[in-house]
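Please read the structure below before turning to the comments.
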Amino acid sequence: MATQPEERLHLFGIRHHGPGSAALLRRALDALDPACVLIEGPPEGDALIRWAAEPGMQPPLAMLVYASEKESAGDGPSASFMPFAEFSPEWQAMLWALERQRPVRFIDWPAAVSLALRQQQEAEAVEGAAQQPDALDLLAEAAGYDDGEAFWNGLVEQYGAQHADGANQALTVFAAIETAMTEARAHEQIASRDQSRDLRREAFMRTHIRAALKEHDGAVAVVCGAWHLSALRAPAKAADDRALIKDLPRIKVEATWAPWTDSRLSAHSGYGAGVLSPGWYRHLWSLYAQPEPPTAEQFASLWQARTAQTLRGEGYGAPTANAIEAARLALGLAALRGLPLPGLSEMREAALATFCHGNPVPLALIERKLYIGQRVGEIDDRVPQMPLARDLTLWQRKTRMKPEDLELEMRLDLRSEAGLLKSTLLHRLNLIDVPWGKLLDAQAGRGTFREVWMLRWAPEFSVALAEALVYGITIEQAAAGITLERARASSSVTALAGLVRAALTADLPDAATDCIAQLQAAAVNASDITDLMQAVAPLVRVLRYGTARKLPEDALRALVGSLSIEINAGVRIGSHSLDADAANARVKAMEEYGEALTLFDEASLTESWRQELAKIVDDELAAAPVAGLSLRRLHDQRVWPLEAVAAAFARHTGDREPQHAGAFLEGFLRGGAEIILHDEPLLHLIDAWLCSLAEDDFIAALPLLRRSLTGFDQISRRRLLDTVKRGQREHTSTNTEPQDENPAFAAALPLLYRILGMETGGPA
Amino acid sequence: MPEAAHQRLRLSAEEIYTAELTALAAGDSRPRPENWRLSPPAVVTYILGGKAADGTPISAKYVGNRRLIETAVATLATDRALLLLGLPGTAKSWVSEHLAAAISGSSQRMIQCTAGTDENQIRYSWNYALLLAKGPSYEALVKTPLTRAMEDGSIVRLEELTRMGSDVQDTLITVLSEKTLPVPELDMAIDARRGFNVIATANNRDKGVNDLSSALKRRFNVVVLPSPATLEEEVGIVVKRVREIGTNLSLPPIKPADEEMTRIVTLFRELREGRTLNGKTKLKTSSGSLSTAEAISVGVSAWASAAHFGGGVLDADSLAPNLVGAVVKDPVQDTVALQEYLESVVRTRDGWSDLYNAIREVI
């Protein structure tokens with residue numbers, strides 16, 4: 001073994017997530033058999049490395065380093081990820097070291113520093129901009145390859161296990177890469193690069209390397225991005241490095257393993273060091289990982305067979321014969337382009353010409369499944385996870401829901417225990433800002449027993465989970481905690497009502513009870529009746545139709561009762577001096593609230609509501625649309641006889657100014673044309689009023705009249721016109737008993753009337 | 001015997017580019033598939049242009065995506081049949097002719113497929129005099145370009161494959177998959193020699209043509225030739241082809257008129273895509289396909305009229321009648337489209353007023 005430190009130091013410049021360089025790296029490590037492996041990555045992850053070899057660890061995984069205390073309320077990034085696929089050289093280096101029981105460590109600058117710096121320089125370029133293109137890709141481009149990986153394919157093919165001395169050849173390759181990159185970096189002047197960032201990182205790395213060389217007598221292997229090679233070899237003084245990294249800001253961080261996904265690995269997602277096609281790279285790796293190097297034929301035919309299968313899965317005819325031809329064409333293309341093995345573009349173009357007959361649509365359809373892949377990583381049970389993540393894993397097992405990287409629709413039947421459990425989990429996760437599922441069906445909010453969710457797991461949810469930790473250590477606790485905190489911070493009735501509902505659907509009865517108390521307190525002080533009304537309707541729906549969940553029913557009933565009393569007491573005075581917009585909102589809220597009261601079925605409340613409506617109609621100061629709606633409700637529910645309605649109608653329209661009359665009419669006619677089409681007396685009431693107008697008043701009233709009628713759709717308006725044209729005739733004919741009446745029909749009539757709610761006298 | 005070359009209206013690809021083909025073949029050390037005149041990379045160089053080993057410049061026959069041509073050549077090298085699909089005028093036949101010339105040294109084995117093409121013109125027919133006199137014999141077979149290509153191991157081209165009936169198309173199935181053509185009457189089969197292959201072209205715009213059966217389609221690798229991607233690319237193609245055709249027709253030389261060509265192509269592209277190049281104005285589209293090929297023919301005829309009737313300068317006046325003739329295929333609809341284009345685009349465009357007046361005079 002060489003004794004000079006420089007000779008014991010072996011630098012392996014790799015391509016991040018490159019299966020080719022991963023394969024070569026493994027061979028090189030076998031040949032070198034280093035005493036210690038150092039990897040470019042934040043040292044906070046050191047403790048996590050030992051779990052990498054656990055059988056339950058399924059990449060793609062990421063090391064998540066997150067700020068354990070929120071420093072400021074700013075939006076600055078508080079977490080950083082270091083993703084690994086099974087074909088990432090760094091991952092393979094870890095596995096190699098664990099298999100041989102060699103010490104392995106991360107040597108990049110601490111995430112504590114990089115996060116602190118990033119939080120400080122929030123205004124500066126985002127992380128994506130700081131990510132440079134893979135230096136080796138530039139090299140590959142210079143060598144005439146259009147994809148960095150194709151370049152490595154060639155290297156693996158040339159120097160792979162084909163040769164008896166393949167392993168030593170691998171070492172030669174890495175030495176050559178070091179030379180080339182040193183040369184490249186010496187000549188390249190990249191002004192846009194954040195020099196200080198690179199210099200500091202490299203100072204950290206050199207410091208770690210020095211320590212490792214001192215500690216171990218044998219060879220030390222350093223696995224890092226090829227760009228840094230020359231800087232790590234550079235003879236820098238230890239003291240200078242110390243000066244460079246002195247007094248850097250730090251924050252408190254924690255590190256953990258988090259599941260990652262293929263789509264986040266891919267370059268499309270904006271991840272700087274992302275790869276073009278994780279699916280393709282996995283294919284490459286599966287072949288490289290075999291003891292025998294793959295032949296070009298295996299290479300092409302396995303991939304095209306998968307293409308055929310995926311296409312068939314999408315409903316396209318993709319016969320095996322075409323897969324054979326596609327493989328042949330891919331090989332032919334590779335030969336034509338002077339490549340040792342077909343690359344991704346050869347495979348694609350061959351598939352396009354054979355399977356798809358030149359039509360790019362099918363290929364675009366399978367892009368996600370085949371080229372990007374849809375894998376989500378898994379973490380071994382024994383790995384100490386962040387408590388919330390752990391709880392989530394337990395839930396996932398309990399509900400048999402797997403996080404998937406594809407959008408997936410899920411229909412839940414809340415009457416079944418399994419469905420209810422899933423729904424509860426998703427609702428709770430939504431509360432803690434982990435929108436794994438999006439609730440699609442609005443029906444679900446109405447307390448029915450069905451919910452339709454769109455599921456899609458995204459790796460950044462791990463961060464949200466970490467952030468929610470302050471609210472509790474289980475999902476239930478955290479969700480309840482976050483709800484309560486929001487409830488305390490809010491004094492808006494609408495927001496609180498929303499929280500009550502959210503807490504109920506997320507099966508957090510205790511939190512809901514607390515929110516109800518908050519809401520009651522807020523309602524007393526609430527000045528806006530509209531808000532209160534809007535709060536009541538959803539609550540009543542929950543009560544009336546029930547949910548499949550435990551309800552604090554008494555508390556809820558009490559809440560609705562007290563809210564309603566509050567509303568009934570304030571509604572008349574509250575309807576004074578409203579401007580047009582406020583009045584419109586009020587009218588809408590009143591409609592909903594009225595319906596809700598009917599559903600709530602509490603006689604005293606309904607009664608007092610009707611009395612209030614009557615008072616509003618008689619109140620000269622009440623906003624006209626509100627009065628209009630009130631009168632209409634009194635008429636609809638047969639509270640007032642027709643004569644009283646007609647009198648009130650005349651009062652509000654007769655000698656009032658046209659604006660008032662029009663607005664009143666608008667409120668009165670709300671809710672579609674059907675009612676006045678079928679309610680003959682009502683129509684005549686309006687008709688009579690219109691006919692009685694003086695010409696000037698009529699002209700003045702016209703715009704408003706038009707406004708209230710444009711709410712009707714065209715067909716209704718035409719029917720209305722027809723009815724008016726027919727005039728009294730229609731009226732008389734309905735009142736005339738049909739001559740040849742079927743006796744059976746006549747016998748059924750009373751029942752029909754009752755079913756239709758047409759019994760006269762008394763409220764419906 | 002063919003007429004002396006200089007008397008013929010149009011020379012075949014292998015005749016025009018003999019020098020290039022010879023130079024490429026001389027310096028071509030890469031392995032060639034059997035009976036190929038050139039190696040696949042040399043074929044690609046021949047089509048896309050470059051340099052032969054001895055430095056002879058090779059002109060570009062096709063301007064466009066290199067990967068498409070590579071796919072086409074690789075297809076032929078793997079003895080799969082090649083189907084070139086594309087809108088009319090996207091150089092399908094042009095590419096197929098040059099591929100055949102480069103691979104087999106001859107682009108002459110060609111069948112023009114039409115609705116009237118029957119099986120006998122694809123497969124073989126009989127010399128009935130001989131048939132009656134001697135009975136069925138090999139000598140009494142009348143061969144077709146397909147059978148001849150099979151026998152001498154060369155490329156046969158099928159132009160406009162989808163224009164012949166589907167049942168006739170299906171004659172090709174056995175030939176393509178088994179590389180043999182049975183002659184049951186003689187209890188024999190014509191086997192294809194190595195190097196035999198089929199290049200078919202079809203356009204994917206016309207409706208009412210005979211679609212390929214899926215059995216046949218499966219036996220082709222399909223390459224779709226797109227319309228030129230950019231204005232510059234298309235102008236380059238038009239300028240180059242107009243010069244070549246004009247020279248070949250011995251048109252009297254005129255001043256180079258690249259700017260006029262740019263105007264033709266701009267007008268064609270805008271009417272074809274239904275919006276101006278800057279994307280700001282929406283336009284009516286015309287019923288014709290307004291392909292690059294048509295732009296070339298407008299360029300050539302404008303050259304002819306400028307040379308013979310104009311002052312030797314290709315200007316708006318010599319351009320206008322040809323442009324109008326190319327655009328207006330449907331007298332009602334296309335006139336409206338052209339007039340709208342004239343008023344909304346040509347009139348206000350800088351330096352186009354001469355064209356505006358010239359076209360106004362014609363329509």
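Residues are named by chain letter and number: chains run A, B, ... in the order of the structure tokens, numbers start at 1 in each chain, and ligands are numbered from 1 in the order shown.
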> Near range 384-399 of chain A, within 7 Å and counting only C-alpha atoms, which residues show up once chain neighbours fewer than 2 positions away are dropped, as an MDAnalysis selection string?
Replying inline: chainID A and resid 256 382 401:402 418 421:422 465 469 473:475
> Using only C-alpha atoms, which chain B residues lie at most 10 Å away from chain A, written as a ChimeraX atom specification?
Replying inline: /B:39-42,44,67-68,70-80,82-86,214,217-225
Given the selection you just returned, output its residues as a file containing N, CA and C atoms, formatted as an mmCIF file, in the first residue's frame.
```cif
data_model
loop_
_atom_site.group_PDB
_atom_site.id
_atom_site.type_symbol
_atom_site.label_atom_id
_atom_site.label_comp_id
_atom_site.auth_asym_id
_atom_site.auth_seq_id
_atom_site.Cartn_x
_atom_site.Cartn_y
_atom_site.Cartn_z
ATOM 1 N N SER B 39 -21.999 2.058 -47.680
ATOM 2 C CA SER B 39 -22.308 1.654 -46.309
ATOM 3 C C SER B 39 -23.405 2.587 -45.780
ATOM 4 N N PRO B 40 -24.168 2.138 -44.766
ATOM 5 C CA PRO B 40 -25.246 3.003 -44.257
ATOM 6 C C PRO B 40 -24.790 4.417 -43.880
ATOM 7 N N PRO B 41 -23.653 4.593 -43.173
ATOM 8 C CA PRO B 41 -23.273 5.979 -42.866
ATOM 9 C C PRO B 41 -22.999 6.796 -44.125
ATOM 10 N N ALA B 42 -22.460 6.159 -45.141
ATOM 11 C CA ALA B 42 -22.198 6.893 -46.381
ATOM 12 C C ALA B 42 -23.506 7.287 -47.054
ATOM 13 N N VAL B 44 -26.228 8.013 -45.471
ATOM 14 C CA VAL B 44 -26.712 9.171 -44.720
ATOM 15 C C VAL B 44 -25.970 10.427 -45.164
ATOM 16 N N ARG B 67 -32.025 12.721 -37.655
ATOM 17 C CA ARG B 67 -32.439 11.467 -37.023
ATOM 18 C C ARG B 67 -33.443 10.700 -37.886
ATOM 19 N N LEU B 68 -34.275 11.434 -38.620
ATOM 20 C CA LEU B 68 -35.263 10.757 -39.461
ATOM 21 C C LEU B 68 -34.563 9.971 -40.567
ATOM 22 N N GLU B 70 -31.523 8.919 -40.565
ATOM 23 C CA GLU B 70 -30.798 7.793 -39.963
ATOM 24 C C GLU B 70 -31.741 6.628 -39.700
ATOM 25 N N THR B 71 -32.933 6.957 -39.175
ATOM 26 C CA THR B 71 -33.907 5.889 -38.937
ATOM 27 C C THR B 71 -34.262 5.190 -40.258
ATOM 28 N N ALA B 72 -34.448 5.991 -41.310
ATOM 29 C CA ALA B 72 -34.817 5.408 -42.599
ATOM 30 C C ALA B 72 -33.722 4.476 -43.102
ATOM 31 N N VAL B 73 -32.477 4.919 -43.029
ATOM 32 C CA VAL B 73 -31.373 4.107 -43.551
ATOM 33 C C VAL B 73 -31.186 2.851 -42.691
ATOM 34 N N ALA B 74 -31.281 3.039 -41.368
ATOM 35 C CA ALA B 74 -31.129 1.874 -40.491
ATOM 36 C C ALA B 74 -32.226 0.852 -40.759
ATOM 37 N N THR B 75 -33.428 1.345 -41.041
ATOM 38 C CA THR B 75 -34.525 0.445 -41.382
ATOM 39 C C THR B 75 -34.167 -0.415 -42.584
ATOM 40 N N LEU B 76 -33.680 0.251 -43.637
ATOM 41 C CA LEU B 76 -33.347 -0.495 -44.854
ATOM 42 C C LEU B 76 -32.186 -1.457 -44.602
ATOM 43 N N ALA B 77 -31.274 -1.048 -43.742
ATOM 44 C CA ALA B 77 -30.121 -1.906 -43.458
ATOM 45 C C ALA B 77 -30.534 -3.151 -42.686
ATOM 46 N N THR B 78 -31.641 -3.055 -41.958
ATOM 47 C CA THR B 78 -32.113 -4.245 -41.244
ATOM 48 C C THR B 78 -33.138 -5.009 -42.082
ATOM 49 N N ASP B 79 -33.067 -4.841 -43.376
ATOM 50 C CA ASP B 79 -33.975 -5.428 -44.379
ATOM 51 C C ASP B 79 -35.456 -5.356 -44.001
ATOM 52 N N ARG B 80 -35.831 -4.252 -43.347
ATOM 53 C CA ARG B 80 -37.249 -3.981 -43.148
ATOM 54 C C ARG B 80 -37.687 -3.013 -44.230
ATOM 55 N N LEU B 82 -39.503 0.198 -45.806
ATOM 56 C CA LEU B 82 -39.606 1.559 -45.274
ATOM 57 C C LEU B 82 -40.815 2.248 -45.883
ATOM 58 N N LEU B 83 -41.622 2.849 -45.030
ATOM 59 C CA LEU B 83 -42.749 3.643 -45.526
ATOM 60 C C LEU B 83 -42.508 5.087 -45.137
ATOM 61 N N LEU B 84 -42.439 5.960 -46.133
ATOM 62 C CA LEU B 84 -42.282 7.389 -45.867
ATOM 63 C C LEU B 84 -43.657 8.041 -45.923
ATOM 64 N N LEU B 85 -44.050 8.600 -44.817
ATOM 65 C CA LEU B 85 -45.356 9.246 -44.746
ATOM 66 C C LEU B 85 -45.141 10.745 -44.654
ATOM 67 N N GLY B 86 -46.108 11.516 -45.104
ATOM 68 C CA GLY B 86 -45.990 12.957 -44.930
ATOM 69 C C GLY B 86 -47.022 13.685 -45.755
ATOM 70 N N SER B 214 -53.730 -3.509 -41.455
ATOM 71 C CA SER B 214 -52.783 -3.526 -40.337
ATOM 72 C C SER B 214 -51.727 -4.601 -40.553
ATOM 73 N N LYS B 217 -49.220 -2.820 -42.686
ATOM 74 C CA LYS B 217 -48.614 -1.712 -41.970
ATOM 75 C C LYS B 217 -47.543 -2.223 -41.010
ATOM 76 N N ARG B 218 -47.857 -3.351 -40.413
ATOM 77 C CA ARG B 218 -46.949 -3.944 -39.450
ATOM 78 C C ARG B 218 -45.605 -4.308 -40.093
ATOM 79 N N ARG B 219 -45.619 -4.499 -41.392
ATOM 80 C CA ARG B 219 -44.390 -4.938 -42.064
ATOM 81 C C ARG B 219 -43.525 -3.780 -42.528
ATOM 82 N N PHE B 220 -44.026 -2.582 -42.299
ATOM 83 C CA PHE B 220 -43.234 -1.403 -42.644
ATOM 84 C C PHE B 220 -42.723 -0.733 -41.373
ATOM 85 N N ASN B 221 -41.537 -0.182 -41.426
ATOM 86 C CA ASN B 221 -41.167 0.834 -40.448
ATOM 87 C C ASN B 221 -41.572 2.172 -41.052
ATOM 88 N N VAL B 222 -42.183 3.007 -40.237
ATOM 89 C CA VAL B 222 -42.740 4.234 -40.780
ATOM 90 C C VAL B 222 -41.905 5.434 -40.341
ATOM 91 N N VAL B 223 -41.551 6.252 -41.293
ATOM 92 C CA VAL B 223 -40.877 7.512 -40.961
ATOM 93 C C VAL B 223 -41.752 8.642 -41.487
ATOM 94 N N VAL B 224 -42.140 9.543 -40.621
ATOM 95 C CA VAL B 224 -42.982 10.663 -41.039
ATOM 96 C C VAL B 224 -42.096 11.855 -41.350
ATOM 97 N N LEU B 225 -42.156 12.328 -42.579
ATOM 98 C CA LEU B 225 -41.362 13.501 -42.949
ATOM 99 C C LEU B 225 -42.192 14.751 -42.681
#
```
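Within 10 Å of Leu32 in chain A, once only C-alpha atoms are used and residues closer than 3 positions along the same chain are dropped, the contacting residues are A:His10, A:Arg26, A:Arg27, A:Ala28, A:Leu29, A:Ala35, A:Ala167, A:Asn168, A:Ala170, A:Leu171, A:Gly218, A:Ala219, A:Val220, A:Ala221.
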Please dump the current selection as a PDB file, in the first residue's frame; keep N, CA and C atoms.
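Contents of the output file result20.pdb:
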```pdb
ATOM      1  N   HIS A  10      -7.922   8.385  -3.651  1.00  0.00           N
ATOM      2  CA  HIS A  10      -8.461   8.064  -4.972  1.00  0.00           C
ATOM      3  C   HIS A  10      -9.767   8.808  -5.172  1.00  0.00           C
ATOM      4  N   ARG A  26     -18.550   0.600  -8.829  1.00  0.00           N
ATOM      5  CA  ARG A  26     -18.518  -0.642  -8.032  1.00  0.00           C
ATOM      6  C   ARG A  26     -17.291  -1.464  -8.405  1.00  0.00           C
ATOM      7  N   ARG A  27     -17.030  -1.539  -9.704  1.00  0.00           N
ATOM      8  CA  ARG A  27     -15.870  -2.322 -10.141  1.00  0.00           C
ATOM      9  C   ARG A  27     -14.582  -1.696  -9.634  1.00  0.00           C
ATOM     10  N   ALA A  28     -14.533  -0.368  -9.695  1.00  0.00           N
ATOM     11  CA  ALA A  28     -13.329   0.319  -9.258  1.00  0.00           C
ATOM     12  C   ALA A  28     -13.125   0.121  -7.764  1.00  0.00           C
ATOM     13  N   LEU A  29     -14.214   0.174  -6.986  1.00  0.00           N
ATOM     14  CA  LEU A  29     -14.091  -0.017  -5.545  1.00  0.00           C
ATOM     15  C   LEU A  29     -13.614  -1.440  -5.241  1.00  0.00           C
ATOM     16  N   ALA A  35      -9.865   1.627   2.355  1.00  0.00           N
ATOM     17  CA  ALA A  35     -10.102   1.455   3.789  1.00  0.00           C
ATOM     18  C   ALA A  35     -11.292   2.282   4.241  1.00  0.00           C
ATOM     19  N   ALA A 167     -11.795  -4.777 -13.769  1.00  0.00           N
ATOM     20  CA  ALA A 167     -11.816  -3.962 -12.564  1.00  0.00           C
ATOM     21  C   ALA A 167     -10.700  -2.918 -12.586  1.00  0.00           C
ATOM     22  N   ASN A 168      -9.491  -3.361 -12.970  1.00  0.00           N
ATOM     23  CA  ASN A 168      -8.395  -2.397 -13.026  1.00  0.00           C
ATOM     24  C   ASN A 168      -8.636  -1.349 -14.092  1.00  0.00           C
ATOM     25  N   ALA A 170     -11.420  -0.143 -14.796  1.00  0.00           N
ATOM     26  CA  ALA A 170     -12.324   0.845 -14.238  1.00  0.00           C
ATOM     27  C   ALA A 170     -11.540   1.931 -13.514  1.00  0.00           C
ATOM     28  N   LEU A 171     -10.501   1.508 -12.783  1.00  0.00           N
ATOM     29  CA  LEU A 171      -9.666   2.494 -12.106  1.00  0.00           C
ATOM     30  C   LEU A 171      -9.013   3.433 -13.112  1.00  0.00           C
ATOM     31  N   GLY A 218      -4.881   2.845   4.870  1.00  0.00           N
ATOM     32  CA  GLY A 218      -5.108   2.327   3.522  1.00  0.00           C
ATOM     33  C   GLY A 218      -5.588   3.420   2.572  1.00  0.00           C
ATOM     34  N   ALA A 219      -6.076   2.943   1.430  1.00  0.00           N
ATOM     35  CA  ALA A 219      -6.553   3.870   0.411  1.00  0.00           C
ATOM     36  C   ALA A 219      -7.863   4.515   0.861  1.00  0.00           C
ATOM     37  N   VAL A 220      -8.055   5.753   0.457  1.00  0.00           N
ATOM     38  CA  VAL A 220      -9.296   6.460   0.763  1.00  0.00           C
ATOM     39  C   VAL A 220      -9.986   6.788  -0.559  1.00  0.00           C
ATOM     40  N   ALA A 221     -11.229   6.342  -0.675  1.00  0.00           N
ATOM     41  CA  ALA A 221     -11.974   6.592  -1.917  1.00  0.00           C
ATOM     42  C   ALA A 221     -12.912   7.765  -1.704  1.00  0.00           C
TER      43      ALA A 221
END
```
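Between CA of Leu621 in chain A and CA of Leu597 in chain A there is a distance of 25.1 Å.
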>> Using DSSP secondary structure from the backbone, list all helix (DSSP H, G or I) positions within range 163-302 of chain B, as a ChimeraX atom specification.
In response: /B:163,166-169,172-178,184-186,214-217,231-248,258-273,292-302
> Could you name the residues that touch Arg10 in chain B at 9 Å or less, counting only C-alpha atoms, but leaving out those on the same chain fewer than 4 positions away, as JSON, numbers by chain?
Replying inline: {"B": [5, 6, 245, 248, 249]}
>> Residues near Glu294 in chain B, anyone? I mean within 10 Å using only C-alpha atoms, not counting same-chain ones fewer than 2 positions away, as a list in words.
In response: Pro88, Gly89, Thr90, Val238, Ile264, Val265, Phe268, Gly288, Ser289, Leu290, Ser291, Thr292, Ile296, Ser297, Val298, Gly299, Val300, Leu323, Ala326 and Val327 of chain B
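Of the residues under consideration (A:Phe712, A:Phe81, A:Phe600, A:Phe87), A:Phe712 shows the shortest atom-to-atom contact distance to Leu677 in chain A when counting only C-alpha atoms.
Excluding Ser59 in chain B itself and any same-chain residue fewer than 6 positions from it, the protein and nucleic acid residues within 10 Å of it, counting only C-alpha atoms, are B:Tyr17, B:Glu20, B:Thr45, B:Tyr46, B:Ile47, B:Leu48, B:Gly49, B:Gly50, B:Lys51.
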>> Neighbouring residues of range 341-344 of chain B were defined as those with any atom within 12 Å, considering only C-alpha atoms; residues of the same chain fewer than 4 positions away were excluded. Please report them as a PyMOL selection string.
In response: chain B and resi 266-268+270-272+274-276+280-286+320+324+327+334-337+348-349+352-361+363
Requested write-out: N, CA and C atoms of the selected residues, as a short mmCIF file (atom, residue, chain, number, x, y, z; two decimals), in the first residue's frame:
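This is the output file part_7.cif:
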```
data_model
loop_
_atom_site.label_atom_id
_atom_site.label_comp_id
_atom_site.auth_asym_id
_atom_site.auth_seq_id
_atom_site.Cartn_x
_atom_site.Cartn_y
_atom_site.Cartn_z
N THR B 266 -42.72 32.72 -47.24
CA THR B 266 -43.45 33.38 -46.16
C THR B 266 -44.95 33.32 -46.42
N LEU B 267 -45.32 33.68 -47.66
CA LEU B 267 -46.74 33.67 -48.01
C LEU B 267 -47.32 32.26 -47.89
N PHE B 268 -46.58 31.28 -48.39
CA PHE B 268 -47.06 29.89 -48.32
C PHE B 268 -47.22 29.44 -46.87
N GLU B 270 -47.62 31.20 -44.19
CA GLU B 270 -48.66 31.90 -43.45
C GLU B 270 -50.04 31.39 -43.84
N LEU B 271 -50.24 31.18 -45.15
CA LEU B 271 -51.55 30.69 -45.59
C LEU B 271 -51.76 29.24 -45.16
N ARG B 272 -50.67 28.49 -45.12
CA ARG B 272 -50.76 27.08 -44.76
C ARG B 272 -51.13 26.94 -43.28
N GLY B 274 -52.38 29.31 -41.36
CA GLY B 274 -53.54 30.08 -40.93
C GLY B 274 -53.22 31.18 -39.94
N ARG B 275 -51.96 31.59 -39.87
CA ARG B 275 -51.64 32.77 -39.07
C ARG B 275 -50.31 33.34 -39.55
N THR B 276 -50.09 34.60 -39.23
CA THR B 276 -48.85 35.22 -39.67
C THR B 276 -47.68 34.65 -38.89
N LYS B 280 -49.45 36.90 -34.75
CA LYS B 280 -50.37 37.91 -34.22
C LYS B 280 -51.71 37.93 -34.94
N THR B 281 -51.69 37.63 -36.24
CA THR B 281 -52.93 37.73 -37.00
C THR B 281 -53.39 36.34 -37.42
N LYS B 282 -54.68 36.08 -37.22
CA LYS B 282 -55.22 34.80 -37.66
C LYS B 282 -55.72 34.94 -39.09
N LEU B 283 -55.49 33.94 -39.90
CA LEU B 283 -55.86 34.03 -41.31
C LEU B 283 -56.71 32.84 -41.71
N LYS B 284 -57.40 33.02 -42.86
CA LYS B 284 -58.09 31.86 -43.42
C LYS B 284 -57.04 30.96 -44.06
N THR B 285 -57.27 29.64 -44.00
CA THR B 285 -56.33 28.76 -44.69
C THR B 285 -56.90 28.45 -46.07
N SER B 286 -55.99 28.14 -47.00
CA SER B 286 -56.45 27.84 -48.34
C SER B 286 -56.66 26.33 -48.45
N ALA B 320 -46.44 37.25 -59.22
CA ALA B 320 -47.85 37.30 -58.84
C ALA B 320 -48.71 36.25 -59.54
N VAL B 324 -50.68 33.32 -57.47
CA VAL B 324 -52.13 33.21 -57.45
C VAL B 324 -52.55 31.84 -57.96
N VAL B 327 -52.02 29.29 -55.19
CA VAL B 327 -52.86 29.41 -54.00
C VAL B 327 -54.31 29.10 -54.33
N ASP B 334 -60.67 29.87 -52.01
CA ASP B 334 -59.27 30.30 -51.97
C ASP B 334 -59.11 31.76 -52.35
N THR B 335 -59.98 32.23 -53.26
CA THR B 335 -59.91 33.64 -53.62
C THR B 335 -60.20 34.50 -52.39
N VAL B 336 -61.21 34.08 -51.61
CA VAL B 336 -61.53 34.81 -50.40
C VAL B 336 -60.33 34.82 -49.45
N ALA B 337 -59.73 33.64 -49.28
CA ALA B 337 -58.59 33.54 -48.37
C ALA B 337 -57.45 34.43 -48.84
N THR B 348 -50.03 46.00 -45.68
CA THR B 348 -49.39 46.80 -44.64
C THR B 348 -47.94 46.38 -44.40
N ARG B 349 -47.49 45.32 -45.03
CA ARG B 349 -46.14 44.84 -44.72
C ARG B 349 -45.10 45.69 -45.45
N TRP B 352 -43.65 45.27 -49.26
CA TRP B 352 -44.45 44.30 -50.00
C TRP B 352 -45.46 44.99 -50.92
N SER B 353 -45.41 46.32 -51.00
CA SER B 353 -46.46 47.03 -51.74
C SER B 353 -46.44 46.64 -53.21
N ASP B 354 -45.23 46.36 -53.78
CA ASP B 354 -45.18 45.96 -55.18
C ASP B 354 -45.93 44.64 -55.39
N LEU B 355 -45.75 43.74 -54.43
CA LEU B 355 -46.43 42.44 -54.54
C LEU B 355 -47.93 42.63 -54.41
N TYR B 356 -48.32 43.56 -53.50
CA TYR B 356 -49.74 43.83 -53.30
C TYR B 356 -50.37 44.28 -54.62
N ASN B 357 -49.72 45.25 -55.26
CA ASN B 357 -50.28 45.77 -56.50
C ASN B 357 -50.29 44.71 -57.58
N ALA B 358 -49.21 43.92 -57.64
CA ALA B 358 -49.12 42.91 -58.69
C ALA B 358 -50.21 41.84 -58.53
N ILE B 359 -50.43 41.42 -57.30
CA ILE B 359 -51.45 40.38 -57.10
C ILE B 359 -52.83 40.96 -57.35
N ARG B 360 -53.04 42.21 -56.89
CA ARG B 360 -54.34 42.85 -57.13
C ARG B 360 -54.67 42.86 -58.62
N GLU B 361 -53.64 43.06 -59.42
CA GLU B 361 -53.89 43.12 -60.86
C GLU B 361 -54.33 41.77 -61.39
N ILE B 363 -55.87 39.13 -59.67
CA ILE B 363 -57.18 38.57 -59.29
C ILE B 363 -58.31 39.57 -59.43
#
```
